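Participant: Just one file: input_32.cif, with mmCIF, C-alpha atoms.
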```cif
data_protein
loop_
_atom_site.label_atom_id
_atom_site.label_comp_id
_atom_site.auth_asym_id
_atom_site.auth_seq_id
_atom_site.Cartn_x
_atom_site.Cartn_y
_atom_site.Cartn_z
CA MET A 1 63.66 39.67 3.61
CA GLU A 2 64.77 43.27 3.14
CA LEU A 3 64.35 44.70 -0.32
CA THR A 4 68.04 45.57 -0.54
CA ALA A 5 68.93 41.97 0.27
CA VAL A 6 66.53 40.72 -2.43
CA LEU A 7 68.14 43.04 -4.97
CA GLU A 8 71.55 41.61 -4.12
CA LEU A 9 70.37 37.99 -3.99
CA ILE A 10 68.91 37.95 -7.49
CA ASN A 11 71.23 40.62 -8.90
CA ALA A 12 68.28 42.90 -9.61
CA LYS A 13 67.75 46.59 -10.19
CA GLN A 14 64.90 48.75 -9.02
CA PHE A 15 63.12 50.62 -11.81
CA ASN A 16 61.17 53.21 -9.84
CA GLN A 17 63.54 54.56 -7.23
CA GLU A 18 61.29 57.48 -6.43
CA CYS A 19 58.22 55.40 -5.61
CA PRO A 20 56.90 57.09 -2.46
CA ARG A 21 55.35 53.99 -0.95
CA CYS A 22 58.18 51.57 -1.75
CA ILE A 23 58.16 48.66 0.68
CA LYS A 24 61.24 47.54 2.50
CA GLU A 25 60.60 43.81 2.82
CA ILE A 26 59.52 40.90 0.65
CA ASN A 27 58.32 37.92 2.66
CA TYR A 28 55.93 36.20 0.23
CA ALA A 29 56.04 35.54 -3.51
CA PHE A 30 53.76 34.18 -6.22
CA VAL A 31 54.99 33.25 -9.69
CA CYS A 32 52.94 33.40 -12.89
CA ASP A 33 52.71 34.77 -16.41
CA LEU A 34 48.94 34.31 -16.79
CA MET A 35 47.23 36.88 -14.63
CA SER A 36 43.91 35.06 -14.19
CA ASP A 37 45.79 32.29 -12.41
CA ALA A 38 47.07 34.85 -9.91
CA LEU A 39 43.61 36.37 -9.52
CA MET A 40 42.03 32.95 -8.99
CA LEU A 41 44.54 31.65 -6.45
CA LEU A 42 45.45 34.79 -4.54
CA LYS A 43 41.89 35.97 -3.98
CA LYS A 44 41.90 33.85 -0.81
CA MET A 45 45.13 35.37 0.44
CA PRO A 46 44.60 37.81 3.34
CA SER A 47 45.00 41.31 1.95
CA HIS A 48 47.14 42.59 4.80
CA ILE A 49 50.14 40.48 3.77
CA GLY A 50 50.21 42.03 0.30
CA ALA A 51 52.44 44.85 1.46
CA HIS A 52 55.21 42.28 1.84
CA GLY A 53 54.19 40.12 -1.12
CA ALA A 54 55.72 40.05 -4.60
CA LEU A 55 54.44 38.95 -7.99
CA VAL A 56 57.25 37.28 -9.96
CA THR A 57 56.53 37.42 -13.68
CA GLY A 58 57.88 37.81 -17.19
CA LEU A 59 54.92 39.99 -18.14
CA VAL A 60 56.12 43.60 -18.31
CA THR A 61 52.83 45.29 -19.13
CA ASN A 62 50.24 47.38 -17.33
CA GLN A 63 48.30 44.16 -16.74
CA ALA A 64 50.90 42.80 -14.35
CA LEU A 65 50.60 46.08 -12.44
CA ARG A 66 46.79 46.05 -12.44
CA THR A 67 46.82 42.46 -11.21
CA ALA A 68 49.21 43.34 -8.38
CA GLU A 69 47.12 46.41 -7.56
CA ILE A 70 43.91 44.40 -7.29
CA LEU A 71 45.61 41.74 -5.17
CA ASP A 72 47.23 44.37 -2.91
CA LEU A 73 50.73 43.12 -3.79
CA GLU A 74 53.17 46.02 -3.57
CA THR A 75 56.15 44.58 -5.45
CA ILE A 76 56.65 43.05 -8.90
CA ILE A 77 59.83 41.19 -9.82
CA PHE A 78 60.36 41.02 -13.59
CA VAL A 79 62.49 38.04 -14.67
CA ARG A 80 64.45 37.02 -17.79
CA GLY A 81 65.86 40.51 -18.28
CA LYS A 82 62.52 42.11 -19.16
CA THR A 83 62.48 45.88 -18.83
CA PRO A 84 59.24 47.82 -18.35
CA SER A 85 58.45 50.80 -20.57
CA GLN A 86 58.39 54.33 -19.17
CA SER A 87 54.58 54.32 -19.17
CA VAL A 88 54.55 51.14 -17.09
CA ILE A 89 56.99 52.69 -14.62
CA GLU A 90 54.83 55.82 -14.40
CA LEU A 91 51.72 53.73 -13.69
CA ALA A 92 53.66 51.87 -10.98
CA ASP A 93 54.54 55.20 -9.36
CA GLU A 94 50.92 56.32 -9.57
CA ILE A 95 49.51 53.23 -7.87
CA GLY A 96 52.40 52.68 -5.48
CA ILE A 97 54.00 49.47 -6.72
CA THR A 98 57.73 48.78 -6.55
CA LEU A 99 59.20 47.37 -9.76
CA ILE A 100 62.43 45.40 -9.75
CA GLY A 101 64.01 43.30 -12.48
CA THR A 102 66.58 40.55 -12.86
CA ALA A 103 68.20 38.81 -15.82
CA LEU A 104 67.75 35.46 -14.06
CA THR A 105 65.14 32.95 -15.19
CA MET A 106 61.89 32.55 -13.31
CA TYR A 107 63.00 29.15 -11.98
CA ARG A 108 66.29 30.38 -10.60
CA THR A 109 64.76 33.56 -9.17
CA SER A 110 62.06 31.54 -7.41
CA GLY A 111 64.59 29.02 -6.11
CA LEU A 112 66.82 31.69 -4.64
CA LEU A 113 63.90 33.46 -2.97
CA PHE A 114 62.53 30.20 -1.58
CA MET A 115 65.93 29.18 -0.17
CA ASN A 116 66.04 32.52 1.62
CA ASN A 117 62.73 32.05 3.40
CA VAL A 118 60.51 34.04 1.08
CA LYS A 119 57.33 32.07 1.56
CA SER A 120 54.95 30.55 -0.98
CA TYR A 121 51.22 31.04 -1.47
CA GLU A 122 50.61 27.69 0.20
CA SER A 123 52.54 28.75 3.30
CA VAL A 124 50.45 31.89 3.58
CA LEU A 125 47.23 29.91 3.56
CA GLU A 126 48.56 27.42 6.12
CA GLU A 127 49.57 30.26 8.45
CA ASN A 128 46.21 32.01 8.17
CA MET B 1 26.45 57.19 2.14
CA GLU B 2 25.38 58.64 -1.23
CA SER B 3 24.85 56.25 -4.13
CA TYR B 4 27.54 55.95 -6.80
CA SER B 5 26.90 55.32 -10.47
CA ARG B 6 29.41 55.50 -13.29
CA GLU B 7 29.53 54.32 -16.88
CA PHE B 8 32.75 53.36 -18.66
CA LYS B 9 33.32 52.81 -22.37
CA ILE B 10 35.58 49.86 -23.23
CA GLN B 11 37.38 49.61 -26.57
CA LYS B 12 38.25 46.43 -28.43
CA ASN B 13 41.89 45.34 -27.92
CA ASP B 14 42.65 48.38 -25.72
CA ILE B 15 44.77 46.27 -23.41
CA GLY B 16 46.80 49.24 -22.18
CA ASN B 17 43.76 50.73 -20.47
CA ALA B 18 42.21 47.45 -19.33
CA GLY B 19 41.95 47.53 -15.58
CA THR B 20 40.92 51.17 -15.38
CA VAL B 21 37.34 50.31 -14.36
CA ALA B 22 38.62 47.95 -11.66
CA SER B 23 41.16 50.48 -10.41
CA LEU B 24 38.68 53.39 -10.20
CA THR B 25 36.05 51.18 -8.57
CA LYS B 26 38.63 50.01 -6.03
CA ARG B 27 39.29 53.65 -5.17
CA GLU B 28 35.57 54.33 -4.63
CA LEU B 29 35.04 51.18 -2.52
CA LYS B 30 38.01 52.08 -0.29
CA ARG B 31 36.65 55.62 0.07
CA ARG B 32 33.40 54.15 1.37
CA GLY B 33 35.25 52.30 4.14
CA LEU B 34 34.85 48.77 2.81
CA THR B 35 37.39 46.12 3.85
CA ARG B 36 40.40 45.27 1.70
CA ASP B 37 39.17 41.69 1.29
CA PHE B 38 35.74 42.83 0.07
CA VAL B 39 37.32 45.38 -2.25
CA LYS B 40 39.59 42.69 -3.66
CA THR B 41 36.68 40.33 -4.27
CA VAL B 42 34.71 42.95 -6.20
CA THR B 43 37.64 44.24 -8.22
CA ILE B 44 38.74 40.74 -9.26
CA GLY B 45 35.29 40.22 -10.79
CA ILE B 46 35.31 43.60 -12.50
CA TYR B 47 38.85 43.23 -13.80
CA GLU B 48 38.22 39.79 -15.30
CA ALA B 49 35.05 41.03 -16.99
CA GLU B 50 36.80 44.13 -18.27
CA ILE B 51 39.57 42.01 -19.77
CA ASN B 52 36.99 39.75 -21.42
CA VAL B 53 35.37 42.71 -23.19
CA VAL B 54 38.77 43.98 -24.33
CA ILE B 55 40.14 40.68 -25.66
CA HIS B 56 37.02 38.88 -26.87
CA SER B 57 34.51 41.51 -28.04
CA TYR B 58 34.12 44.32 -30.55
CA GLY B 59 33.88 46.73 -27.61
CA GLY B 60 31.22 47.71 -25.12
CA TYR B 61 30.53 49.47 -21.88
CA CYS B 62 30.26 48.90 -18.16
CA VAL B 63 27.98 50.43 -15.53
CA VAL B 64 29.03 50.28 -11.87
CA LYS B 65 26.46 51.17 -9.21
CA ILE B 66 27.20 51.18 -5.50
CA ASN B 67 24.94 51.87 -2.55
CA ASP B 68 25.04 50.83 1.10
CA ASP B 69 23.71 47.32 0.36
CA ILE B 70 25.12 46.22 -2.96
CA VAL B 71 27.67 46.64 -5.71
CA ASP B 72 25.81 46.11 -8.98
CA VAL B 73 27.87 45.81 -12.17
CA ILE B 74 26.77 45.31 -15.77
CA PHE B 75 29.07 44.68 -18.71
CA GLN B 76 27.50 44.83 -22.18
CA ASP B 77 29.39 44.33 -25.43
CA ILE B 78 28.39 44.40 -29.10
CA GLY B 79 29.41 40.89 -30.13
CA PRO B 80 30.46 38.47 -31.50
CA GLY B 81 29.00 36.58 -28.51
CA ILE B 82 29.92 33.40 -26.65
CA GLU B 83 29.28 30.25 -28.70
CA CYS B 84 28.75 27.96 -25.71
CA ILE B 85 28.29 29.47 -22.25
CA ASP B 86 28.69 26.11 -20.48
CA SER B 87 32.12 25.63 -22.06
CA ALA B 88 33.11 29.22 -21.27
CA LEU B 89 32.31 28.60 -17.61
CA THR B 90 34.56 25.54 -17.50
CA PRO B 91 37.90 26.31 -15.80
CA GLY B 92 40.71 26.14 -18.35
CA PHE B 93 38.50 26.44 -21.45
CA SER B 94 39.78 29.27 -23.60
CA THR B 95 39.26 30.73 -27.06
CA ALA B 96 41.73 33.54 -26.40
CA SER B 97 43.91 34.87 -29.18
CA HIS B 98 47.69 34.88 -29.21
CA TYR B 99 47.41 38.63 -28.53
CA ALA B 100 45.50 37.99 -25.30
CA ILE B 101 47.93 35.34 -24.12
CA GLU B 102 50.92 37.59 -24.88
CA ASN B 103 49.29 40.12 -22.56
CA GLY B 104 48.88 37.72 -19.68
CA PHE B 105 45.33 36.50 -20.25
CA GLY B 106 43.67 33.51 -21.90
CA ALA B 107 44.11 31.00 -19.07
CA GLY B 108 40.44 30.09 -19.30
CA MET B 109 39.83 31.24 -15.76
CA GLY B 110 38.02 34.54 -16.36
CA LEU B 111 34.36 33.56 -16.17
CA PRO B 112 34.90 30.81 -13.54
CA ASN B 113 36.70 33.41 -11.47
CA ILE B 114 33.87 35.93 -11.87
CA GLN B 115 31.36 33.25 -10.91
CA SER B 116 33.30 32.35 -7.78
CA VAL B 117 33.72 35.90 -6.46
CA SER B 118 30.24 37.29 -7.14
CA ASP B 119 27.14 36.69 -5.03
CA GLU B 120 25.02 36.61 -8.16
CA MET B 121 26.00 36.37 -11.82
CA LYS B 122 23.79 36.36 -14.90
CA LEU B 123 25.34 35.80 -18.30
CA THR B 124 23.44 35.96 -21.60
CA SER B 125 24.94 35.98 -25.04
CA SER B 126 24.06 36.08 -28.73
CA LYS B 127 25.92 37.13 -31.88
CA GLU B 128 24.74 40.68 -31.22
CA GLY B 129 26.47 40.84 -27.86
CA THR B 130 27.11 39.50 -24.39
CA ARG B 131 25.64 40.85 -21.17
CA LEU B 132 27.16 40.04 -17.80
CA HIS B 133 25.40 41.15 -14.63
CA MET B 134 27.26 40.75 -11.33
CA LYS B 135 26.09 41.55 -7.83
CA PHE B 136 28.15 41.75 -4.66
CA ASN B 137 26.18 42.02 -1.43
CA ILE B 138 27.39 44.42 1.23
CA ASP B 139 26.72 43.61 4.88
CA GLY B 140 28.13 44.89 8.14
CA ASP B 141 31.18 42.64 7.96
CA CYS B 142 32.21 44.27 4.68
CA TYR B 143 33.07 47.53 6.45
CA GLU B 144 36.32 48.29 8.25
CA SER B 145 35.73 48.27 11.99
#
```
Translate this structure into structure tokens?
Facilitator:
Amino acid sequence: MELTAVLELINAKQFNQECPRCIKEINYAFVCDLMSDALMLLKKMPSHIGAHGALVTGLVTNQALRTAEILDLETIIFVRGKTPSQSVIELADEIGITLIGTALTMYRTSGLLFMNNVKSYESVLEEN
Amino acid sequence: MESYSREFKIQKNDIGNAGTVASLTKRELKRRGLTRDFVKTVTIGIYEAEINVVIHSYGGYCVVKINDDIVDVIFQDIGPGIECIDSALTPGFSTASHYAIENGFGAGMGLPNIQSVSDEMKLTSSKEGTRLHMKFNIDGDCYES
């Protein structure tokens, strides 16, 4: 799903417009607020799909970015109206991660993405 | 390729900088031509250990050594130690503070995760400190073709 379509679907804004490596599509998503859960589950996910994968979270700290960086996910979707600080945005620019945010809840955001064929972690494993 | 060795100091509760060791090691492993999957495996272990030192200890240090055959990583902190290592290795067991949970950690998956990604893990602990030694073997399949 094209990034512009995702922004419209979940009524989101992009925080780092100037990010030089911003991806254009989001085809996979994983939802969590506890980063070790993401690290444990997504370690088996093939790294090459990360460019089109998104971490959906309410955690607006450097740790969400570091987790995405380690897992090769190139987009983070912040939910519940959370806004990252300037230092978080600067780190995202430095490591090449696209940050977008929506006021929607995590449940509604996930539901909308799922209904529009953004695939789950389980689907990724089944395909690979 | 030349050997790599670097020491990092880790401060108690410095959550803002947690992940720096993992990020810089990732950069070095990629520079050496290792695969993304291998790099991810190593950096997951390092990141979890780094977080543990930040959120559970009074501070410590980490030494990362890389050569053509192995990634060898030691984390050493200055206490207060792990009361029961068997419990700490149980998935879901956590003694994390509210501060750690607010920052996205404390799921009780750190040490089990480290154990599952490393080829060898040695963990010793007393009130004076905890020492975690991880090894990740490098073979031909770990390099990009």
Participant: Give me, as a list in words, all polymer residues having an atom no more than 12 Å from A:Leu125, counting all atoms listed in the file and skipping those fewer than 3 positions away in the same chain.
Facilitator: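 Close residues of A:Leu125: Tyr28, Leu41, Leu42, Lys43, Lys44, Met45, Pro46, Ser47, Ile49, Lys119, Ser120, Tyr121, Glu122 and Asn128 of chain A.
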Participant: If you take all atoms listed in the file and a cut-off of 6 Å, which residues of chain A touch chain B, and what are their nearest atom pairs and distances in Å to one decimal, in chain and number order, as a Markdown table?
Facilitator:
```
| residue | atom | partner | partner_atom | distance |
| --- | --- | --- | --- | --- |
| A:Asp33 | CA | B:Gly104 | CA | 5.8 |
| A:Leu34 | CA | B:Gly104 | CA | 4.5 |
| A:Met35 | CA | B:Gly104 | CA | 5.4 |
| A:Ser36 | CA | B:Met109 | CA | 5.8 |
| A:Met40 | CA | B:Asn113 | CA | 5.9 |
| A:Ser47 | CA | B:Asp37 | CA | 5.9 |
| A:Arg66 | CA | B:Gly19 | CA | 6.0 |
| A:Ile70 | CA | B:Lys40 | CA | 5.9 |
```
Participant: Do you know which residues the PyMOL selection byres ((chain A and resi 77) around 7) returns on this file, as JSON, numbers by chain?
Facilitator: {"A": [54, 55, 56, 57, 75, 76, 78, 79, 99, 100, 101]}
Participant: Check which residues satisfy the PyMOL selection byres ((chain B and resi 9-11) around 7) in the file shown, then give them as a PyMOL selection string.
Facilitator: chain B and resi 7-8+12-14+54+59-62
Participant: At a cut-off of 12 Å around the point (34.0, 54.3, 2.0) (file coordinates), what residues fall inside when counting only C-alpha atoms? I'd like the answer as an MDAnalysis selection string.
Facilitator: chainID B and resid 1:4 25:36 38:39 66:68 138 142:145
Participant: Using all atoms listed in the file, which residues sit within 12 Å of A:Leu112 once same-chain residues fewer than 5 positions away are excluded, as a PDB file with C-alpha atoms, in the frame of the given file?
Facilitator:
```
ATOM      1  CA  MET A   1      63.660  39.670   3.610  1.00  0.00           C
ATOM      2  CA  ALA A   5      68.930  41.970   0.270  1.00  0.00           C
ATOM      3  CA  VAL A   6      66.530  40.720  -2.430  1.00  0.00           C
ATOM      4  CA  LEU A   7      68.140  43.040  -4.970  1.00  0.00           C
ATOM      5  CA  GLU A   8      71.550  41.610  -4.120  1.00  0.00           C
ATOM      6  CA  LEU A   9      70.370  37.990  -3.990  1.00  0.00           C
ATOM      7  CA  ILE A  10      68.910  37.950  -7.490  1.00  0.00           C
ATOM      8  CA  ASN A  11      71.230  40.620  -8.900  1.00  0.00           C
ATOM      9  CA  ALA A  29      56.040  35.540  -3.510  1.00  0.00           C
ATOM     10  CA  LEU A 104      67.750  35.460 -14.060  1.00  0.00           C
ATOM     11  CA  THR A 105      65.140  32.950 -15.190  1.00  0.00           C
ATOM     12  CA  MET A 106      61.890  32.550 -13.310  1.00  0.00           C
ATOM     13  CA  TYR A 107      63.000  29.150 -11.980  1.00  0.00           C
ATOM     14  CA  ASN A 117      62.730  32.050   3.400  1.00  0.00           C
ATOM     15  CA  VAL A 118      60.510  34.040   1.080  1.00  0.00           C
ATOM     16  CA  LYS A 119      57.330  32.070   1.560  1.00  0.00           C
TER      17      LYS A 119
END
```
Participant: Any chance you could work out the residue set of the PyMOL selection byres ((chain B and resi 57) around 7) here, as a list in words?
Facilitator: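 The output of the PyMOL selection byres ((chain B and resi 57) around 7) on this file is Lys12, Val53, Val54, Ile55, His56, Tyr58, Gly59, Asp77, Ile78, Gly79 and Pro80 of chain B.
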Participant: What would stretch 37-62 of chain B look like with N, CA and C atoms in place, written as a PDB file, in the frame of the given file?
Facilitator:
```
ATOM      1  N   ASP B  37      39.551  42.995   1.866  1.00  0.00           N
ATOM      2  CA  ASP B  37      39.170  41.690   1.290  1.00  0.00           C
ATOM      3  C   ASP B  37      37.912  41.820   0.426  1.00  0.00           C
ATOM      4  N   PHE B  38      36.947  42.622   0.884  1.00  0.00           N
ATOM      5  CA  PHE B  38      35.740  42.830   0.070  1.00  0.00           C
ATOM      6  C   PHE B  38      36.093  43.579  -1.212  1.00  0.00           C
ATOM      7  N   VAL B  39      36.911  44.600  -1.077  1.00  0.00           N
ATOM      8  CA  VAL B  39      37.320  45.380  -2.250  1.00  0.00           C
ATOM      9  C   VAL B  39      38.028  44.478  -3.258  1.00  0.00           C
ATOM     10  N   LYS B  40      38.867  43.603  -2.766  1.00  0.00           N
ATOM     11  CA  LYS B  40      39.590  42.690  -3.660  1.00  0.00           C
ATOM     12  C   LYS B  40      38.617  41.762  -4.382  1.00  0.00           C
ATOM     13  N   THR B  41      37.658  41.238  -3.661  1.00  0.00           N
ATOM     14  CA  THR B  41      36.680  40.330  -4.270  1.00  0.00           C
ATOM     15  C   THR B  41      35.935  41.014  -5.423  1.00  0.00           C
ATOM     16  N   VAL B  42      35.472  42.228  -5.169  1.00  0.00           N
ATOM     17  CA  VAL B  42      34.710  42.950  -6.200  1.00  0.00           C
ATOM     18  C   VAL B  42      35.606  43.291  -7.394  1.00  0.00           C
ATOM     19  N   THR B  43      36.801  43.766  -7.111  1.00  0.00           N
ATOM     20  CA  THR B  43      37.640  44.240  -8.220  1.00  0.00           C
ATOM     21  C   THR B  43      38.196  43.077  -9.051  1.00  0.00           C
ATOM     22  N   ILE B  44      38.340  41.911  -8.453  1.00  0.00           N
ATOM     23  CA  ILE B  44      38.740  40.740  -9.260  1.00  0.00           C
ATOM     24  C   ILE B  44      37.648  40.455 -10.296  1.00  0.00           C
ATOM     25  N   GLY B  45      36.396  40.471  -9.859  1.00  0.00           N
ATOM     26  CA  GLY B  45      35.290  40.220 -10.790  1.00  0.00           C
ATOM     27  C   GLY B  45      35.236  41.258 -11.899  1.00  0.00           C
ATOM     28  N   ILE B  46      35.377  42.526 -11.514  1.00  0.00           N
ATOM     29  CA  ILE B  46      35.310  43.600 -12.500  1.00  0.00           C
ATOM     30  C   ILE B  46      36.481  43.528 -13.476  1.00  0.00           C
ATOM     31  N   TYR B  47      37.651  43.274 -12.953  1.00  0.00           N
ATOM     32  CA  TYR B  47      38.850  43.230 -13.800  1.00  0.00           C
ATOM     33  C   TYR B  47      38.761  42.093 -14.823  1.00  0.00           C
ATOM     34  N   GLU B  48      38.348  40.927 -14.379  1.00  0.00           N
ATOM     35  CA  GLU B  48      38.220  39.790 -15.300  1.00  0.00           C
ATOM     36  C   GLU B  48      37.201  40.100 -16.399  1.00  0.00           C
ATOM     37  N   ALA B  49      36.085  40.706 -16.008  1.00  0.00           N
ATOM     38  CA  ALA B  49      35.050  41.030 -16.990  1.00  0.00           C
ATOM     39  C   ALA B  49      35.534  42.093 -17.974  1.00  0.00           C
ATOM     40  N   GLU B  50      36.255  43.056 -17.438  1.00  0.00           N
ATOM     41  CA  GLU B  50      36.800  44.130 -18.270  1.00  0.00           C
ATOM     42  C   GLU B  50      37.767  43.544 -19.309  1.00  0.00           C
ATOM     43  N   ILE B  51      38.625  42.660 -18.866  1.00  0.00           N
ATOM     44  CA  ILE B  51      39.570  42.010 -19.770  1.00  0.00           C
ATOM     45  C   ILE B  51      38.811  41.230 -20.848  1.00  0.00           C
ATOM     46  N   ASN B  52      37.761  40.531 -20.447  1.00  0.00           N
ATOM     47  CA  ASN B  52      36.990  39.750 -21.420  1.00  0.00           C
ATOM     48  C   ASN B  52      36.437  40.636 -22.536  1.00  0.00           C
ATOM     49  N   VAL B  53      35.908  41.804 -22.169  1.00  0.00           N
ATOM     50  CA  VAL B  53      35.370  42.710 -23.190  1.00  0.00           C
ATOM     51  C   VAL B  53      36.487  43.187 -24.115  1.00  0.00           C
ATOM     52  N   VAL B  54      37.640  43.487 -23.533  1.00  0.00           N
ATOM     53  CA  VAL B  54      38.770  43.980 -24.330  1.00  0.00           C
ATOM     54  C   VAL B  54      39.275  42.907 -25.307  1.00  0.00           C
ATOM     55  N   ILE B  55      39.460  41.687 -24.829  1.00  0.00           N
ATOM     56  CA  ILE B  55      40.140  40.680 -25.660  1.00  0.00           C
ATOM     57  C   ILE B  55      39.191  39.825 -26.503  1.00  0.00           C
ATOM     58  N   HIS B  56      37.917  39.776 -26.132  1.00  0.00           N
ATOM     59  CA  HIS B  56      37.020  38.880 -26.870  1.00  0.00           C
ATOM     60  C   HIS B  56      35.951  39.608 -27.695  1.00  0.00           C
ATOM     61  N   SER B  57      35.674  40.874 -27.396  1.00  0.00           N
ATOM     62  CA  SER B  57      34.510  41.510 -28.040  1.00  0.00           C
ATOM     63  C   SER B  57      34.921  42.616 -29.011  1.00  0.00           C
ATOM     64  N   TYR B  58      33.894  43.169 -29.667  1.00  0.00           N
ATOM     65  CA  TYR B  58      34.120  44.320 -30.550  1.00  0.00           C
ATOM     66  C   TYR B  58      34.064  45.639 -29.762  1.00  0.00           C
ATOM     67  N   GLY B  59      33.976  45.542 -28.455  1.00  0.00           N
ATOM     68  CA  GLY B  59      33.880  46.730 -27.610  1.00  0.00           C
ATOM     69  C   GLY B  59      32.559  46.760 -26.869  1.00  0.00           C
ATOM     70  N   GLY B  60      32.464  47.631 -25.887  1.00  0.00           N
ATOM     71  CA  GLY B  60      31.220  47.710 -25.120  1.00  0.00           C
ATOM     72  C   GLY B  60      31.316  48.742 -24.026  1.00  0.00           C
ATOM     73  N   TYR B  61      30.516  48.527 -23.001  1.00  0.00           N
ATOM     74  CA  TYR B  61      30.530  49.470 -21.880  1.00  0.00           C
ATOM     75  C   TYR B  61      30.254  48.737 -20.572  1.00  0.00           C
ATOM     76  N   CYS B  62      30.480  49.456 -19.488  1.00  0.00           N
ATOM     77  CA  CYS B  62      30.260  48.900 -18.160  1.00  0.00           C
ATOM     78  C   CYS B  62      29.578  49.950 -17.305  1.00  0.00           C
TER      79      CYS B  62
END
```
